[in-house]
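Peer 1: One structure follows; several queries about it will come next.
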Amino acid sequence: KMVFYVKDNNTLAERLTLTGSEAVFTGNVGIGTASPDYNLEIENASSPTIATKDTTNNVITKMFSANSQGFIGTESNHDLRVRTNNTDKITIQSGGKVGIGTTSPSSKFTVSGSDASNWISRIENTSSSNPQGLVVSIGAQTSAYATFGVYSDSAYQFVVGGDGNVGIGTISPDYTLDISATTPSLTLQTLANANDPVITLKSNGPITSEGGQIWYRNSIGSLHLSTTYPATQSAIVFHTGTSTDQGTNNERMRITGDGNVGIGNTNPLAKLQIT
């Protein structure tokens with residue numbers, strides 16, 4: 001055993017004790033500084049560095065300061081892991097993938113965990129002034145490849161394609177909203193009995209009110225179908241057996257803007273005209 005002392009105000013103070021396998025420091029230790037403020041302080045004008053090396057696998061980990069920034073990571077081609085409670089919490093793979101709750105992330109950023117009572121991930125903006133949430137951005141494209149998806153029960157349940165189409169139950173939606181299921185259903189339910197659930201179809205034309213509506217009148221229990229185009233030529237037209245989407249053939253009945261009804265007639269001149 002060897003003990004080193006320093007003289008402080010005419011008093012000897014033990015600072016370093018050497019035994020067969022240990023060196024114990026008492027007080028702050030400075031490398032490159034005569035007045036360290038911390039237990040170990042390293043100062044240098046050019047990237048002061050602390051490095052560790054596992055010689056078995058040649059893993060080199062460094063922590064250093066340079067160019068007005070602080071760095072921590074591996075210098076060798078190995079992953080970097082962050083631990084708490086002696087358990088890996090964050091993994092940064094040498095290839096750049098980041099995992100939280102997993103040491104083998106399958107994508108650029110993977111969050112994995114098992115919690116029956118809480119959300120696995122939450123992004124929260126607490127600002128009260130024009131707060132914004134999450135943006136998912138990819139390179140410019142108009143294809144149907146999904147840019148955002150919800151995966152559950154070994155399948156994608158919800159996707160947003162690069163062309164803007166939304167799919168529920170399908171990974172390749174062909175329409176603005178494409179729902180695919182064994183028994184598909186769509187429900188609009190108002191949470192206030194005084195309000196009526198409404199589906200509105202609108203055009204982006206010069207007449208802002210151009211379009212149509214389907215709504216349920218809660219107060220009397222009736223279903224309504226109407227056009228909102230402000231002209232007598234607006235009509236509600238019924239088709240069957242059309243060969244294409246939005247086909248104009250096989251018109252069966254028409255209700256004109258002025259209230260005339262035609263069956264087998266596209267221009268009824270009476271309240272009811274059957275041809």
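FYI, nothing fancy with the structure tokens labels: chains A, B, ... in order, residues from 1 per chain, ligands from 1 as they appear.
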Just list the residues in region 8-121 of chain A DSSP gives strand (DSSP E or B) on the backbone, as a ChimeraX atom specification.
Peer 2: /A:8,11-18,23-25,29-31,40-42,49-54,59-66,69-74,80-84,87-92,98-100,109-111
Peer 1: Produce a file of the selected residues containing C-alpha atoms, as a compact mmCIF listing (two decimals), in the first residue's frame.
Peer 2:
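For reference, result_20.txt as written:
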```txt
# COMPACT_ATOMS: atom_id res chain seq x y z
CA ASP A 8 -3.15 22.22 2.43
CA THR A 11 -2.15 20.29 6.98
CA LEU A 12 -1.37 17.01 5.22
CA ALA A 13 -4.36 15.61 3.32
CA GLU A 14 -4.52 12.13 1.82
CA ARG A 15 -5.24 12.30 -1.93
CA LEU A 16 -4.12 9.04 -3.53
CA THR A 17 -3.92 5.53 -2.14
CA LEU A 18 -2.40 2.69 -4.17
CA ALA A 23 -5.97 3.39 -6.97
CA VAL A 24 -8.26 5.50 -4.79
CA PHE A 25 -8.40 9.27 -5.24
CA VAL A 29 -8.70 15.25 -10.02
CA GLY A 30 -7.68 17.50 -12.89
CA ILE A 31 -5.97 16.54 -16.13
CA LEU A 40 -12.55 14.10 -12.72
CA GLU A 41 -12.07 17.04 -15.06
CA ILE A 42 -10.14 16.88 -18.33
CA THR A 49 -11.47 12.76 -24.67
CA ILE A 50 -12.28 9.83 -22.40
CA ALA A 51 -12.00 6.48 -24.17
CA THR A 52 -12.55 2.84 -23.22
CA LYS A 53 -11.55 -0.19 -25.29
CA ASP A 54 -12.60 -3.81 -25.04
CA VAL A 59 -14.97 -2.08 -29.12
CA ILE A 60 -13.95 1.57 -28.64
CA THR A 61 -16.30 3.97 -26.83
CA LYS A 62 -15.49 7.65 -26.54
CA MET A 63 -16.84 10.75 -24.85
CA PHE A 64 -15.36 14.08 -25.92
CA SER A 65 -15.99 17.76 -26.56
CA ALA A 66 -15.22 19.50 -29.86
CA GLN A 69 -20.54 20.32 -29.19
CA GLY A 70 -20.45 17.28 -26.93
CA PHE A 71 -20.14 13.74 -28.30
CA ILE A 72 -20.63 10.25 -26.92
CA GLY A 73 -20.55 7.07 -28.97
CA THR A 74 -18.57 4.21 -30.43
CA LEU A 80 -24.17 2.02 -28.68
CA ARG A 81 -26.57 1.22 -25.84
CA VAL A 82 -28.00 3.37 -23.04
CA ARG A 83 -28.91 1.57 -19.82
CA THR A 84 -30.87 2.25 -16.63
CA THR A 87 -31.15 -2.92 -18.43
CA ASP A 88 -30.76 -1.74 -22.04
CA LYS A 89 -33.24 1.05 -22.77
CA ILE A 90 -31.99 2.70 -25.99
CA THR A 91 -29.97 1.08 -28.77
CA ILE A 92 -28.28 2.96 -31.60
CA VAL A 98 -32.54 3.46 -33.25
CA GLY A 99 -34.53 1.27 -30.90
CA ILE A 100 -36.31 2.10 -27.65
CA PHE A 109 -36.83 4.29 -35.37
CA THR A 110 -38.51 1.45 -33.47
CA VAL A 111 -40.33 1.68 -30.15
```
Peer 1: Which residues come within 12 Å of Asp115 (chain A), counting only C-alpha atoms, excluding same-chain residues fewer than 5 positions away, as a PDB file with N, CA and C atoms, in the first residue's frame?
Peer 2:
```pdb
ATOM      1  N   GLY A 101     -36.584   0.214 -26.170  1.00  0.00           N
ATOM      2  CA  GLY A 101     -37.236  -1.003 -25.705  1.00  0.00           C
ATOM      3  C   GLY A 101     -36.877  -2.227 -26.516  1.00  0.00           C
ATOM      4  N   ILE A 120     -47.842   3.035 -25.577  1.00  0.00           N
ATOM      5  CA  ILE A 120     -46.423   2.766 -25.755  1.00  0.00           C
ATOM      6  C   ILE A 120     -45.679   4.056 -26.100  1.00  0.00           C
ATOM      7  N   SER A 121     -46.319   4.928 -26.874  1.00  0.00           N
ATOM      8  CA  SER A 121     -45.665   6.162 -27.277  1.00  0.00           C
ATOM      9  C   SER A 121     -46.676   7.298 -27.247  1.00  0.00           C
TER      10      SER A 121
END
```
Peer 1: Return the single residue from A:Asp196, A:Asn125, A:Tyr145, A:Thr33 that is closest to Tyr216 (chain A), with distances computed using only C-alpha atoms.
Peer 2: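 The shortest atom-to-atom distance to Tyr216 (chain A) comes from A:Asp196.
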Peer 1: Can you pull out every residue within 6 Å of region 257-263 of chain A, counting only C-alpha atoms, but drop anything in the same chain fewer than 5 positions away, and send it as a ChimeraX atom specification?
Peer 2: /A:232-235,252,268,270-274
Peer 1: Next, write the just-selected residues to a file, as a PDB file, in the first residue's frame, keeping C-alpha atoms as the atom set.
Peer 2:
```pdb
ATOM      1  CA  THR A 232     -83.685  24.003 -61.341  1.00  0.00           C
ATOM      2  CA  GLN A 233     -81.512  21.744 -63.531  1.00  0.00           C
ATOM      3  CA  SER A 234     -80.032  20.099 -60.422  1.00  0.00           C
ATOM      4  CA  ALA A 235     -81.462  16.624 -60.053  1.00  0.00           C
ATOM      5  CA  ARG A 252     -83.989   4.441 -63.902  1.00  0.00           C
ATOM      6  CA  PRO A 268     -90.072  14.819 -67.056  1.00  0.00           C
ATOM      7  CA  ALA A 270     -95.094  16.622 -65.231  1.00  0.00           C
ATOM      8  CA  LYS A 271     -95.045  15.871 -61.533  1.00  0.00           C
ATOM      9  CA  LEU A 272     -94.847  12.199 -62.487  1.00  0.00           C
ATOM     10  CA  GLN A 273     -93.974  11.050 -65.989  1.00  0.00           C
ATOM     11  CA  ILE A 274     -93.426   7.371 -66.771  1.00  0.00           C
TER      12      ILE A 274
END
```
Peer 1: Would you compute the distance between CA of Pro184 (chain A) and CA of Tyr151 (chain A)? Give it in Å to one decimal.
Peer 2: 18.4 Å
Peer 1: Have a look at CA of Gly32 (chain A) and CA of Ser47 (chain A) and let me know their distance in Å, one decimal.
Peer 2: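 Interatomic distance, CA of Gly32 (chain A) to CA of Ser47 (chain A): 12.0 Å.
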